[in-house]
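Notes to accompany the following structure.
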Amino acid sequence: MISGKFLLGRGRHELSDEEQRVLEDSIVSVRHVAARKQIVRAGVIIDTSTLLLEGFVCRYMDDRDGQRQLVAVHVPGDFVDLHAFPMRRLDHDIATLGPVKIACYDHQTLETITERYPHLTRKLWFSTLLDAAMHREWIFRLGRLGAEGRVAHLFCELNERLEMVGLAADGRYMLPMTQPDIAEASGLTGVHVNRVLRSLREKNLLTFKANEVCILDRKALAAVAEFEPQYLYGSNGS
């Protein structure tokens, strides 16, 4: 099932067979997009929303000098721009980090779903509320944590989310982010991120090499990050 990772680990099992079929049959196209390509441009009217099937994408905003700030990272199973259904446009850009595979849903079809399938509609709404919960956590991370805490929190969160969809195990997962990407997600410079990664490695907490993340001490890394996964609303209660 193409859409099988949607809400996996977060209530996918609560969807009826009919709702899963509707979600699957409503896909109008499946696309492959290369790494470092823009998918949605801020302010442009769009009539489709995107379900990420494979790979990683980011939401970002640029300042007046062209410096990028990542405001979200999406993993397989995430509805990336469902917000555009009621809003018609986004106030930020969306781009791929590595190569991705996406499924597209026409907004007209989504409107039909909201009219005919109230429970599925609530699940779609739930997915947008998850985004809001993560945004609040990112604000906390950037506003209250030091450099090591910010970077550690990012890796802890991605590990938790990827575990939900079967793409992380034993603290290991692949992540097509560069040190500059991590800097843009953490409000740090690339040089500072390099120092933080070296420090986390020397403390035997985490390694990040050749796009592979290996969390060596999950409990200790979470302590540095002040990471509590409840805001991710996993099905197991985490």
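Letters for chains follow the order of the structure tokens (A, B, ...), residue numbers begin at 1 for each chain, and ligand numbers begin at 1 in the order shown.
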Restrict the calculation to only C-alpha atoms, then for each residue of region 164-189 of chain A with any atom at most 6 Å from an atom of region 202-218 of chain A give the closest atom pair and their distance in Å to one decimal, rows by chain and rising residue number, as CSV.
```
residue,atom,partner,partner_atom,distance
A:Gly171,CA,A:Ile215,CA,4.8
A:Arg172,CA,A:Cys214,CA,4.6
A:Tyr173,CA,A:Val213,CA,5.4
A:Met174,CA,A:Glu212,CA,4.5
A:Leu175,CA,A:Asn211,CA,5.1
A:Pro176,CA,A:Asn211,CA,5.4
```
Can you tell me which residues surround Asp47 (chain A) at a distance of at most 12 Å, considering only C-alpha atoms, apart from same-chain residues fewer than 3 positions away, and format the answer as an NGL selection string? :A and (28 or 40 or 44 or 50 or 81-90 or 104-111)
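Closest approach to Thr189 (chain A) among A:Arg21, A:Arg36, A:His135, A:Arg68 is made by A:Arg68 (distances from only C-alpha atoms).
Taking CA of Glu163 (chain A) and CA of Met177 (chain A) as endpoints, the distance between them is 17.8 Å.
Counting only C-alpha atoms, Gly166 (chain A) has the following residues at most 10 Å away, ignoring those fewer than 2 positions along the same chain: A:Lys5, A:Leu8, A:Gly9, A:Pro76, A:Arg161, A:Leu162, A:Glu163, A:Met164, A:Ala168, A:Ala169, A:Tyr173.
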Between A:Gly77, A:Pro180, A:Gly187, A:Gly98, single out the one closest to His32 (chain A), counting only C-alpha atoms. A:Gly98
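Using only C-alpha atoms for every distance, the candidate list A:Val22, A:Ala220, A:Val73, A:Leu158 yields A:Val22 as the residue closest to Arg116 (chain A).
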Would you mind listing what lies within 7 Å of Val100 (chain A) as number ranges by chain, with only C-alpha atoms counted and same-chain residues fewer than 2 positions away left out? A: 32-34, 54-56, 96, 98, 102
Kindly save the residues from that selection, with N, CA, C and O atoms included, as a PDB file, in the first residue's frame.
```
ATOM      1  N   HIS A  32       8.879  11.128  -8.377  1.00  0.00           N
ATOM      2  CA  HIS A  32      10.225  11.051  -7.821  1.00  0.00           C
ATOM      3  C   HIS A  32      10.876  12.411  -8.026  1.00  0.00           C
ATOM      4  O   HIS A  32      10.825  12.969  -9.129  1.00  0.00           O
ATOM      5  N   VAL A  33      11.464  12.954  -6.979  1.00  0.00           N
ATOM      6  CA  VAL A  33      12.102  14.268  -7.058  1.00  0.00           C
ATOM      7  C   VAL A  33      13.536  14.134  -6.581  1.00  0.00           C
ATOM      8  O   VAL A  33      13.803  13.484  -5.564  1.00  0.00           O
ATOM      9  N   ALA A  34      14.438  14.743  -7.311  1.00  0.00           N
ATOM     10  CA  ALA A  34      15.858  14.653  -6.977  1.00  0.00           C
ATOM     11  C   ALA A  34      16.181  15.421  -5.700  1.00  0.00           C
ATOM     12  O   ALA A  34      15.375  16.213  -5.206  1.00  0.00           O
ATOM     13  N   GLU A  54       8.973   8.343   0.494  1.00  0.00           N
ATOM     14  CA  GLU A  54      10.359   7.954   0.731  1.00  0.00           C
ATOM     15  C   GLU A  54      11.220   9.208   0.774  1.00  0.00           C
ATOM     16  O   GLU A  54      10.969  10.170   0.051  1.00  0.00           O
ATOM     17  N   GLY A  55      12.249   9.197   1.616  1.00  0.00           N
ATOM     18  CA  GLY A  55      13.176  10.314   1.676  1.00  0.00           C
ATOM     19  C   GLY A  55      12.796  11.365   2.710  1.00  0.00           C
ATOM     20  O   GLY A  55      11.879  11.171   3.516  1.00  0.00           O
ATOM     21  N   PHE A  56      13.489  12.488   2.643  1.00  0.00           N
ATOM     22  CA  PHE A  56      13.324  13.567   3.617  1.00  0.00           C
ATOM     23  C   PHE A  56      13.136  14.903   2.896  1.00  0.00           C
ATOM     24  O   PHE A  56      13.821  15.172   1.907  1.00  0.00           O
ATOM     25  N   THR A  96      13.418  19.243  -1.068  1.00  0.00           N
ATOM     26  CA  THR A  96      13.942  17.917  -0.730  1.00  0.00           C
ATOM     27  C   THR A  96      15.330  18.053  -0.115  1.00  0.00           C
ATOM     28  O   THR A  96      16.085  18.967  -0.439  1.00  0.00           O
ATOM     29  N   GLY A  98      17.244  14.851   0.355  1.00  0.00           N
ATOM     30  CA  GLY A  98      17.802  13.833  -0.530  1.00  0.00           C
ATOM     31  C   GLY A  98      16.762  13.500  -1.586  1.00  0.00           C
ATOM     32  O   GLY A  98      15.724  14.159  -1.670  1.00  0.00           O
ATOM     33  N   ILE A 102       7.057  10.999  -3.670  1.00  0.00           N
ATOM     34  CA  ILE A 102       5.896  11.640  -3.068  1.00  0.00           C
ATOM     35  C   ILE A 102       4.616  11.226  -3.777  1.00  0.00           C
ATOM     36  O   ILE A 102       4.625  10.879  -4.964  1.00  0.00           O
TER      37      ILE A 102
END
```
Those in region 51-197 of chain A with strand (DSSP E or B) from DSSP, as a PyMOL selection string: chain A and resi 51-54+57-62+68-74+79+93-96+100-106+169+172-174
Enumerate, as number ranges by chain, the complete set of residues in region 142-173 of chain A that a backbone-based DSSP assignment places in alpha helix (DSSP H). A: 142-144, 147-164
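Each of A:Glu115, A:Met134, A:Leu51, A:Ala103 was checked against Gln230 (chain A) using only C-alpha atoms; the smallest atom-to-atom distance is that of A:Met134.
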Find the distance between CA of Ile94 (chain A) and CA of Ala42 (chain A) and write it in Å to one decimal. 8.0 Å
Atomic distance CA of Met1 (chain A) - CA of Lys37 (chain A), expressed in Å with one decimal: 25.9 Å
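Each of A:Ala35, A:Ala72, A:Val193, A:Leu142 was compared to Leu130 (chain A) using only C-alpha atoms, and A:Ala72 turns out to be the nearest.
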Write out as a ChimeraX atom specification each polymer residue whose atoms come within 9 Å of Ile113 (chain A), counting only C-alpha atoms; drop sequence neighbours fewer than 5 positions from it. /A:22-23,26,108,118,120-121
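For region 126-128 of chain A, the residues within 8 Å (counting only C-alpha atoms, excluding itself and residues fewer than 4 positions away along the chain) are Leu7, Asp78, Phe79, Leu82, His83, Arg122 and Ala132 of chain A.
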Serialized selection, N, CA and C atoms, as a CSV table (one decimal), in the first residue's frame:
```csv
chain,number,residue,atom,x,y,z
A,7,LEU,N,0.5,8.0,9.4
A,7,LEU,CA,0.1,7.8,10.8
A,7,LEU,C,0.5,6.4,11.3
A,78,ASP,N,4.7,11.4,6.5
A,78,ASP,CA,4.2,12.8,6.8
A,78,ASP,C,3.4,13.4,5.6
A,79,PHE,N,2.3,14.0,5.9
A,79,PHE,CA,1.6,14.9,4.9
A,79,PHE,C,2.3,16.2,5.0
A,82,LEU,N,-0.3,19.6,3.8
A,82,LEU,CA,-1.8,19.4,3.9
A,82,LEU,C,-2.4,20.8,4.3
A,83,HIS,N,-1.6,21.6,5.0
A,83,HIS,CA,-2.1,23.0,5.4
A,83,HIS,C,-2.5,23.8,4.1
A,122,ARG,N,-10.9,13.6,10.5
A,122,ARG,CA,-10.3,13.9,11.8
A,122,ARG,C,-8.8,13.4,11.9
A,132,ALA,N,1.9,21.0,14.3
A,132,ALA,CA,1.9,22.2,15.3
A,132,ALA,C,2.6,21.8,16.6
```
Nearest candidate to Phe227 (chain A) (options A:Arg201, A:Arg41, A:His153, A:Arg136; using only C-alpha atoms): A:His153
